[in-house]
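Structure data (mmCIF, C-alpha atoms) from upload29.cif:
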data_input
#
loop_
_atom_site.label_atom_id
_atom_site.label_comp_id
_atom_site.auth_asym_id
_atom_site.auth_seq_id
_atom_site.Cartn_x
_atom_site.Cartn_y
_atom_site.Cartn_z
CA MET V 1 82.27 -73.98 171.76
CA ARG V 2 83.19 -75.78 174.97
CA GLU V 3 86.24 -77.73 175.93
CA ILE V 4 86.44 -80.58 178.40
CA LYS V 5 89.52 -82.17 179.87
CA VAL V 6 90.05 -85.94 179.77
CA VAL V 7 92.73 -87.47 181.99
CA THR V 8 93.74 -90.93 180.81
CA ARG V 9 95.57 -93.50 182.93
CA LYS V 10 96.69 -96.20 180.53
CA ARG V 11 98.35 -96.39 177.12
CA ASN V 12 95.11 -97.68 175.59
CA GLU V 13 91.71 -97.13 177.14
CA MET V 14 88.22 -95.86 176.56
CA VAL V 15 86.90 -93.07 178.79
CA ASP V 16 83.15 -92.52 179.03
CA ILE V 17 82.44 -88.81 178.38
CA THR V 18 78.67 -89.05 177.89
CA ARG V 19 77.88 -87.15 181.09
CA ASP V 20 80.25 -84.32 180.15
CA VAL V 21 78.65 -83.91 176.74
CA GLN V 22 75.14 -84.04 178.21
CA ASP V 23 76.18 -81.37 180.73
CA VAL V 24 77.20 -79.03 177.91
CA VAL V 25 73.88 -79.62 176.14
CA GLU V 26 72.04 -78.65 179.33
CA GLN V 27 74.23 -75.60 179.98
CA GLU V 28 73.58 -74.31 176.48
CA ASN V 29 69.83 -74.73 176.90
CA ILE V 30 69.38 -76.31 173.47
CA ASP V 31 66.01 -77.92 172.95
CA GLU V 32 66.65 -79.50 169.56
CA GLY V 33 69.77 -79.67 167.43
CA VAL V 34 73.03 -81.52 167.14
CA ALA V 35 76.25 -81.90 169.13
CA ILE V 36 79.60 -82.21 167.39
CA VAL V 37 82.09 -83.87 169.75
CA TYR V 38 85.60 -83.37 168.39
CA VAL V 39 88.99 -84.76 169.42
CA PRO V 40 91.87 -82.41 168.46
CA HIS V 41 94.54 -85.11 168.85
CA THR V 42 96.15 -87.48 166.34
CA THR V 43 96.83 -90.41 168.66
CA ALA V 44 93.34 -90.52 170.17
CA GLY V 45 89.88 -90.95 168.72
CA ILE V 46 86.23 -91.03 169.64
CA THR V 47 83.51 -93.63 169.28
CA ILE V 48 80.00 -94.50 170.41
CA ASN V 49 79.47 -97.96 171.83
CA GLU V 50 77.98 -99.94 174.70
CA GLY V 51 78.39 -98.39 178.14
CA ALA V 52 76.64 -100.98 180.32
CA ASP V 53 79.17 -103.82 180.30
CA PRO V 54 82.82 -102.67 180.58
CA SER V 55 83.93 -105.92 178.92
CA VAL V 56 82.81 -104.45 175.59
CA GLN V 57 85.35 -101.65 176.01
CA ARG V 58 88.04 -104.21 176.82
CA ASP V 59 87.14 -106.20 173.69
CA ILE V 60 87.33 -103.08 171.51
CA VAL V 61 90.68 -102.03 172.97
CA GLU V 62 92.17 -105.55 172.75
CA THR V 63 90.93 -106.20 169.21
CA LEU V 64 92.32 -102.86 167.99
CA LYS V 65 95.66 -103.86 169.57
CA LYS V 66 95.61 -107.14 167.65
CA LEU V 67 94.71 -105.46 164.36
CA VAL V 68 97.27 -102.68 164.79
CA PRO V 69 100.08 -103.85 167.11
CA GLU V 70 102.10 -101.37 169.13
CA THR V 71 105.36 -102.62 167.66
CA GLY V 72 105.81 -103.38 164.01
CA ASN V 73 107.66 -102.34 160.91
CA TYR V 74 106.67 -98.68 161.26
CA ASN V 75 108.39 -95.64 159.72
CA HIS V 76 107.37 -93.07 162.33
CA ILE V 77 109.98 -93.23 165.09
CA GLU V 78 107.98 -91.98 168.04
CA GLY V 79 106.66 -95.44 168.93
CA ASN V 80 103.02 -94.46 168.56
CA SER V 81 102.25 -95.26 164.93
CA ASP V 82 99.62 -97.72 166.12
CA ALA V 83 97.84 -94.90 167.94
CA HIS V 84 97.79 -92.71 164.81
CA ILE V 85 96.34 -95.56 162.75
CA LYS V 86 93.67 -96.37 165.34
CA ALA V 87 92.75 -92.67 165.47
CA SER V 88 91.97 -92.82 161.74
CA ILE V 89 90.05 -96.09 162.07
CA LEU V 90 87.79 -94.69 164.81
CA GLY V 91 87.62 -91.10 163.60
CA SER V 92 88.09 -87.68 165.15
CA SER V 93 84.48 -86.73 165.84
CA VAL V 94 81.01 -88.05 166.55
CA THR V 95 77.75 -86.34 165.74
CA VAL V 96 74.87 -86.81 168.16
CA LEU V 97 71.36 -85.40 167.76
CA ILE V 98 69.62 -83.50 170.57
CA LYS V 99 65.94 -83.52 171.47
CA ASN V 100 64.30 -81.99 174.55
CA GLU V 101 67.73 -80.97 175.88
CA ARG V 102 68.89 -84.61 175.81
CA LEU V 103 71.41 -86.37 173.61
CA VAL V 104 69.50 -88.79 171.38
CA LEU V 105 71.46 -91.95 172.18
CA GLY V 106 70.28 -95.55 171.90
CA THR V 107 69.57 -97.49 175.10
CA TRP V 108 73.11 -98.87 175.35
CA GLN V 109 75.03 -96.09 173.66
CA HIS V 110 77.66 -94.07 175.46
CA ILE V 111 80.23 -91.68 174.00
CA PHE V 112 83.82 -92.78 174.58
CA PHE V 113 87.10 -90.95 174.20
CA TYR V 114 89.62 -93.48 172.89
CA GLU V 115 93.16 -93.04 174.24
CA GLY V 116 95.83 -94.58 172.00
CA ASP V 117 99.02 -93.17 173.50
CA GLY V 118 98.39 -92.43 177.17
CA PRO V 119 98.49 -91.74 179.93
CA ARG V 120 97.99 -88.08 179.06
CA THR V 121 95.82 -85.08 179.72
CA ARG V 122 93.64 -84.60 176.67
CA LYS V 123 90.89 -82.32 175.55
CA VAL V 124 87.61 -82.73 173.71
CA ILE V 125 85.80 -79.87 171.99
CA ILE V 126 82.01 -79.78 172.00
CA LYS V 127 79.91 -77.53 169.83
CA ILE V 128 76.13 -77.47 169.87
CA PHE V 129 74.05 -76.31 166.91
CA SER V 130 70.39 -75.65 167.50
CA SER V 131 67.84 -76.38 164.76
CA MET S 1 78.81 -75.72 148.50
CA ARG S 2 82.31 -75.76 147.02
CA GLU S 3 84.17 -78.41 145.13
CA ILE S 4 87.92 -78.92 145.04
CA LYS S 5 89.88 -81.17 142.72
CA VAL S 6 92.41 -83.68 144.08
CA VAL S 7 94.90 -85.23 141.65
CA THR S 8 96.41 -88.43 143.03
CA ARG S 9 99.60 -90.03 141.76
CA LYS S 10 99.71 -93.48 143.33
CA ARG S 11 97.30 -96.37 143.89
CA ASN S 12 97.29 -95.68 147.63
CA GLU S 13 98.23 -92.35 149.13
CA MET S 14 97.14 -89.58 151.44
CA VAL S 15 96.87 -86.05 150.07
CA ASP S 16 96.88 -83.12 152.49
CA ILE S 17 93.88 -80.89 151.68
CA THR S 18 93.93 -78.76 154.84
CA ARG S 19 94.94 -75.58 152.98
CA ASP S 20 92.14 -76.03 150.42
CA VAL S 21 89.53 -76.42 153.14
CA GLN S 22 90.89 -73.43 155.07
CA ASP S 23 90.74 -71.38 151.83
CA VAL S 24 87.05 -72.15 151.44
CA VAL S 25 86.40 -71.13 155.06
CA GLU S 26 88.10 -67.79 154.40
CA GLN S 27 86.31 -67.21 151.10
CA GLU S 28 82.96 -67.77 152.76
CA ASN S 29 83.78 -65.32 155.52
CA ILE S 30 82.44 -67.58 158.26
CA ASP S 31 83.38 -66.50 161.75
CA GLU S 32 82.05 -69.47 163.67
CA GLY S 33 80.45 -72.70 162.48
CA VAL S 34 81.34 -76.05 161.04
CA ALA S 35 82.84 -77.42 157.82
CA ILE S 36 81.60 -80.69 156.34
CA VAL S 37 84.29 -82.12 154.06
CA TYR S 38 82.75 -84.85 151.90
CA VAL S 39 84.27 -87.39 149.49
CA PRO S 40 81.76 -88.45 146.78
CA HIS S 41 83.76 -91.56 145.81
CA THR S 42 83.52 -95.21 146.93
CA THR S 43 87.19 -96.15 146.56
CA ALA S 44 88.54 -93.15 148.45
CA GLY S 45 88.02 -91.79 151.93
CA ILE S 46 88.96 -88.95 154.23
CA THR S 47 90.69 -88.76 157.57
CA ILE S 48 92.31 -86.36 160.01
CA ASN S 49 95.77 -87.24 161.24
CA GLU S 50 99.30 -85.96 161.79
CA GLY S 51 100.64 -83.67 159.08
CA ALA S 52 104.12 -82.89 160.45
CA ASP S 53 105.94 -86.18 159.85
CA PRO S 54 105.10 -87.82 156.48
CA SER S 55 106.12 -91.20 157.93
CA VAL S 56 102.78 -91.26 159.77
CA GLN S 57 100.98 -91.17 156.43
CA ARG S 58 103.16 -94.02 155.17
CA ASP S 59 102.39 -96.07 158.28
CA ILE S 60 98.65 -95.52 157.85
CA VAL S 61 98.76 -96.44 154.15
CA GLU S 62 100.95 -99.52 154.74
CA THR S 63 98.95 -100.79 157.71
CA LEU S 64 95.67 -100.45 155.80
CA LYS S 65 97.30 -102.46 152.97
CA LYS S 66 98.22 -105.21 155.42
CA LEU S 67 94.75 -105.28 157.01
CA VAL S 68 92.95 -105.22 153.64
CA PRO S 69 95.26 -106.61 150.93
CA GLU S 70 94.85 -105.57 147.29
CA THR S 71 94.48 -109.17 146.18
CA GLY S 72 92.36 -111.69 148.02
CA ASN S 73 89.32 -113.87 147.73
CA TYR S 74 87.07 -110.99 146.65
CA ASN S 75 83.74 -111.19 144.78
CA HIS S 76 83.88 -107.77 143.08
CA ILE S 77 85.81 -108.26 139.83
CA GLU S 78 87.17 -104.77 139.29
CA GLY S 79 90.29 -105.40 141.39
CA ASN S 80 89.56 -102.60 143.82
CA SER S 81 87.58 -104.33 146.56
CA ASP S 82 90.28 -103.36 149.02
CA ALA S 83 89.73 -99.69 148.18
CA HIS S 84 85.98 -99.97 148.81
CA ILE S 85 86.59 -101.62 152.18
CA LYS S 86 89.16 -99.01 153.22
CA ALA S 87 86.72 -96.26 152.20
CA SER S 88 84.22 -97.65 154.71
CA ILE S 89 86.86 -98.05 157.43
CA LEU S 90 87.97 -94.40 157.11
CA GLY S 91 84.60 -92.88 156.23
CA SER S 92 83.29 -90.51 153.59
CA SER S 93 83.36 -87.24 155.51
CA VAL S 94 84.99 -85.32 158.31
CA THR S 95 83.41 -82.58 160.38
CA VAL S 96 85.65 -79.73 161.52
CA LEU S 97 84.59 -76.81 163.71
CA ILE S 98 85.38 -73.21 162.74
CA LYS S 99 86.26 -70.32 165.03
CA ASN S 100 87.49 -66.85 164.03
CA GLU S 101 87.51 -67.93 160.37
CA ARG S 102 89.93 -70.76 161.16
CA LEU S 103 89.44 -74.51 161.17
CA VAL S 104 89.66 -75.68 164.79
CA LEU S 105 92.31 -78.37 164.33
CA GLY S 106 94.70 -79.73 166.95
CA THR S 107 98.37 -78.78 166.75
CA TRP S 108 99.30 -81.79 164.61
CA GLN S 109 96.03 -82.34 162.79
CA HIS S 110 95.75 -82.08 159.04
CA ILE S 111 92.89 -83.17 156.79
CA PHE S 112 93.86 -85.91 154.33
CA PHE S 113 92.11 -87.25 151.27
CA TYR S 114 92.78 -91.00 151.17
CA GLU S 115 93.22 -92.45 147.67
CA GLY S 116 92.53 -96.18 147.49
CA ASP S 117 92.43 -96.79 143.75
CA GLY S 118 94.56 -94.15 142.07
CA PRO S 119 96.04 -92.48 140.30
CA ARG S 120 92.91 -90.51 139.49
CA THR S 121 91.43 -87.06 139.42
CA ARG S 122 89.03 -86.85 142.35
CA LYS S 123 86.82 -84.27 143.94
CA VAL S 124 86.00 -83.22 147.46
CA ILE S 125 82.88 -81.26 148.40
CA ILE S 126 83.05 -78.66 151.16
CA LYS S 127 80.06 -77.07 152.80
CA ILE S 128 80.27 -74.50 155.57
CA PHE S 129 77.48 -73.92 158.07
CA SER S 130 77.64 -70.82 160.21
CA SER S 131 76.36 -70.88 163.78
CA MET X 1 63.63 -85.79 163.51
CA ARG X 2 62.39 -88.86 161.63
CA GLU X 3 62.80 -92.52 162.37
CA ILE X 4 62.84 -95.35 159.86
CA LYS X 5 62.63 -99.07 160.55
CA VAL X 6 65.19 -101.50 159.13
CA VAL X 7 64.41 -105.21 159.18
CA THR X 8 67.52 -107.34 158.80
CA ARG X 9 67.53 -111.01 157.78
CA LYS X 10 71.06 -112.23 158.45
CA ARG X 11 73.61 -111.96 161.24
CA ASN X 12 75.80 -109.73 159.07
CA GLU X 13 74.49 -107.76 156.14
CA MET X 14 74.29 -104.34 154.56
CA VAL X 15 70.86 -102.86 153.86
CA ASP X 16 70.54 -100.03 151.34
CA ILE X 17 68.60 -97.18 152.97
CA THR X 18 69.35 -94.46 150.41
CA ARG X 19 65.75 -94.27 149.18
CA ASP X 20 64.42 -93.92 152.74
CA VAL X 21 66.79 -91.06 153.50
CA GLN X 22 65.99 -89.33 150.19
CA ASP X 23 62.25 -89.68 150.99
CA VAL X 24 62.74 -87.84 154.28
CA VAL X 25 64.66 -85.06 152.50
CA GLU X 26 61.75 -84.64 150.08
CA GLN X 27 59.09 -84.75 152.80
CA GLU X 28 60.88 -82.02 154.72
CA ASN X 29 61.08 -79.83 151.63
CA ILE X 30 64.70 -78.87 152.27
CA ASP X 31 66.37 -77.18 149.33
CA GLU X 32 69.91 -77.00 150.70
CA GLY X 33 71.41 -78.32 153.90
CA VAL X 34 72.67 -81.51 155.46
CA ALA X 35 71.23 -84.85 156.58
CA ILE X 36 72.53 -86.60 159.69
CA VAL X 37 71.73 -90.31 159.48
CA TYR X 38 72.20 -91.87 162.90
CA VAL X 39 72.15 -95.48 164.12
CA PRO X 40 71.12 -95.75 167.82
CA HIS X 41 72.48 -99.30 168.20
CA THR X 42 75.83 -100.63 169.44
CA THR X 43 75.99 -103.79 167.32
CA ALA X 44 75.16 -102.08 164.03
CA GLY X 45 76.74 -99.26 162.07
CA ILE X 46 76.33 -97.16 158.97
CA THR X 47 78.49 -96.57 155.93
CA ILE X 48 78.45 -95.11 152.43
CA ASN X 49 79.74 -97.31 149.64
CA GLU X 50 79.02 -98.67 146.17
CA GLY X 51 75.42 -99.62 145.50
CA ALA X 52 75.63 -100.82 141.89
CA ASP X 53 77.37 -104.17 142.31
CA PRO X 54 76.17 -106.21 145.34
CA SER X 55 79.50 -108.06 145.38
CA VAL X 56 81.06 -104.96 146.95
CA GLN X 57 78.73 -105.35 149.93
CA ARG X 58 79.67 -109.03 150.19
CA ASP X 59 83.37 -108.13 150.15
CA ILE X 60 82.91 -105.53 152.89
CA VAL X 61 80.92 -107.93 155.07
CA GLU X 62 83.34 -110.83 154.52
CA THR X 63 86.47 -108.75 155.08
CA LEU X 64 85.07 -107.32 158.32
CA LYS X 65 84.37 -110.92 159.43
CA LYS X 66 87.98 -111.87 158.74
CA LEU X 67 89.36 -108.82 160.56
CA VAL X 68 87.04 -109.24 163.55
CA PRO X 69 85.93 -112.89 163.81
CA GLU X 70 82.63 -113.82 165.46
CA THR X 71 84.36 -116.13 167.90
CA GLY X 72 87.56 -115.24 169.69
CA ASN X 73 89.06 -114.57 173.05
CA TYR X 74 86.43 -111.98 173.98
CA ASN X 75 85.42 -110.79 177.46
CA HIS X 76 81.83 -109.80 176.69
CA ILE X 77 79.73 -112.95 177.11
CA GLU X 78 76.82 -112.16 174.80
CA GLY X 79 78.57 -113.59 171.73
CA ASN X 80 78.40 -110.33 169.80
CA SER X 81 81.68 -108.62 170.68
CA ASP X 82 82.59 -108.69 166.99
CA ALA X 83 79.47 -106.67 166.20
CA HIS X 84 80.35 -104.02 168.80
CA ILE X 85 83.86 -103.68 167.40
CA LYS X 86 82.63 -103.42 163.80
CA ALA X 87 80.14 -100.77 164.90
CA SER X 88 83.04 -98.64 166.13
CA ILE X 89 85.11 -99.28 162.98
CA LEU X 90 82.27 -98.14 160.69
CA GLY X 91 80.79 -95.48 162.95
CA SER X 92 77.32 -94.59 164.18
CA SER X 93 76.39 -91.84 161.72
CA VAL X 94 76.96 -90.48 158.25
CA THR X 95 76.63 -86.88 157.18
CA VAL X 96 75.32 -86.20 153.67
CA LEU X 97 74.90 -82.80 152.06
CA ILE X 98 71.65 -81.77 150.35
CA LYS X 99 71.22 -79.62 147.27
CA ASN X 100 68.01 -78.98 145.30
CA GLU X 101 66.14 -81.39 147.58
CA ARG X 102 68.53 -84.21 146.67
CA LEU X 103 71.19 -85.99 148.70
CA VAL X 104 74.57 -85.02 147.26
CA LEU X 105 75.97 -88.51 146.72
CA GLY X 106 78.64 -89.57 144.24
CA THR X 107 77.60 -91.60 141.18
CA TRP X 108 78.12 -94.95 142.89
CA GLN X 109 77.41 -93.97 146.48
CA HIS X 110 74.56 -95.48 148.45
CA ILE X 111 73.89 -95.28 152.18
CA PHE X 112 74.00 -98.67 153.92
CA PHE X 113 72.84 -99.77 157.34
CA TYR X 114 75.34 -102.35 158.56
CA GLU X 115 73.84 -105.18 160.62
CA GLY X 116 76.36 -106.90 162.89
CA ASP X 117 74.12 -109.02 165.10
CA GLY X 118 70.93 -109.80 163.19
CA PRO X 119 68.40 -110.72 162.23
CA ARG X 120 66.65 -107.91 164.10
CA THR X 121 64.30 -105.01 163.68
CA ARG X 122 66.38 -101.87 163.90
CA LYS X 123 65.86 -98.16 163.61
CA VAL X 124 67.70 -95.29 161.99
CA ILE X 125 67.18 -91.66 162.96
CA ILE X 126 67.34 -88.96 160.30
CA LYS X 127 67.57 -85.27 160.99
CA ILE X 128 67.73 -82.61 158.30
CA PHE X 129 69.30 -79.21 158.87
CA SER X 130 68.64 -76.52 156.29
CA SER X 131 71.32 -73.93 155.49
#

Whole structure, structure tokens version:
Amino acid sequence: MREIKVVTRKRNEMVDITRDVQDVVEQENIDEGVAIVYVPHTTAGITINEGADPSVQRDIVETLKKLVPETGNYNHIEGNSDAHIKASILGSSVTVLIKNERLVLGTWQHIFFYEGDGPRTRKVIIKIFSS
Amino acid sequence: MREIKVVTRKRNEMVDITRDVQDVVEQENIDEGVAIVYVPHTTAGITINEGADPSVQRDIVETLKKLVPETGNYNHIEGNSDAHIKASILGSSVTVLIKNERLVLGTWQHIFFYEGDGPRTRKVIIKIFSS
Amino acid sequence: MREIKVVTRKRNEMVDITRDVQDVVEQENIDEGVAIVYVPHTTAGITINEGADPSVQRDIVETLKKLVPETGNYNHIEGNSDAHIKASILGSSVTVLIKNERLVLGTWQHIFFYEGDGPRTRKVIIKIFSS
């Protein structure tokens, strides 16, 4: 089980962690298997999406903001209810297959940490299972 | 493979099942591995979020209601289209790592069964893989 | 690791791939374990929901369209920002347990490929882990 650190700079942003996850796969010398990439936070999430054009990340972040606004008629008084809700919409982990010591990602797919209540220093846990 | 029963009391609610999942991990004597927690229903889901302040659960439930209202221009005539849609938004399973016979959850993370069409008696399937 | 082909016919639709995944489970002769069903695309997703009444699929597709409209104030200029966002809402993989060479699905559960930017020829990757 490995842990990586993610430093976020905005309240809402997506941080590409594909390289970090691939590094762990290589360090563990796993030829074939699966990587579980897990976010142990409740105001952040994780998702796989396009990494080539950064405007896709902006569209995801902005659309989530529209769907779940920062301010609203919320019960939780910490001012980050929107971040909790987005965390549940995106999910707390992604599962990525491994073949020949490489993450099996589609051409455009990158793995993104989603920050919902930054800036903060966060962590992501990665566990590789060989098959 | 273990099965736990979840009795829900409202149409929409989140039920904390963290203790039940942890119990299964302990019964199976797994030192390190992963737990797959699976909901075999189509009008319920599962999510990981904050367990300390119950107002977070209320905010998640209420925001999902606003995004996907109970009544609308739906085709499905059983009156629970909203529950089906929320099930797909949240997802049917969560994956949680295990270390030293403990679920590797963040400080505030709990595992919640999401009821979308209760009250009902539901089940959750738990399977532990050791590594 | 197996790959199946999914041919979609509309811009937005759900395609039932349960039989294809079950076929792979049988071909691999796995008695007990887990199937990871992975979508290597960024404008498509995967979800488990009701397979009996097709109106549920229509309601999911239509509600996602309302939540994330095809046209809007998007940055990404390819005209498929909505599909990227829906891909992140639904997720890129589902995890389904296996027992006695059968997918452990609830009575009404089917596995659906979600097309967000069709029609296209897509692929789905299936990997079975035995336990």

One-decimal distance in Å that lies between atom CA of Ile4 of chain X and atom CA of Asp31 of chain V: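 Distance between the two atoms: 22.0 Å.
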
Residues of chain V within 6 Å of chain S, counting only C-alpha atoms, as a PyMOL selection string: chain V and resi 40-42+74-76+85+88-89

Nearest to Asp20 of chain S by atom-to-atom distance, counting only C-alpha atoms, from S:Glu3, S:Ile36, S:Ser81, S:Arg122: S:Glu3

Gap from atom CA of Glu115 of chain X to atom CA of Thr8 of chain X - Å, one decimal: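 Taking atom CA of Glu115 of chain X as the start and atom CA of Thr8 of chain X as the end point, the length is 6.9 Å.
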
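If you count only C-alpha atoms and ignore residues fewer than 3 places along the chain from Arg2 of chain V, what sits within 7 Å of it is Ile125, Ile126 and Lys127 of chain V.
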
All residues 8 Å or closer to Phe113 of chain V, all atoms listed in the file, same chain fewer than 5 positions away omitted, as an NGL selection string: :V and (14-17 or 44-47)

Point-to-point distance from atom CA of Arg19 of chain X to atom CA of Val124 of chain S, Å rounded to tenths: 23.1 Å

Residue with smallest distance to Gly116 of chain X - pool X:Ala52, X:Val24, X:Ala87, X:Val6, counting all atoms listed in the file: X:Ala87

Among the residues S:Val68, S:Val7, S:Met1, S:Ile128, the one that comes closest to Glu101 of chain S [using only C-alpha atoms]: S:Ile128
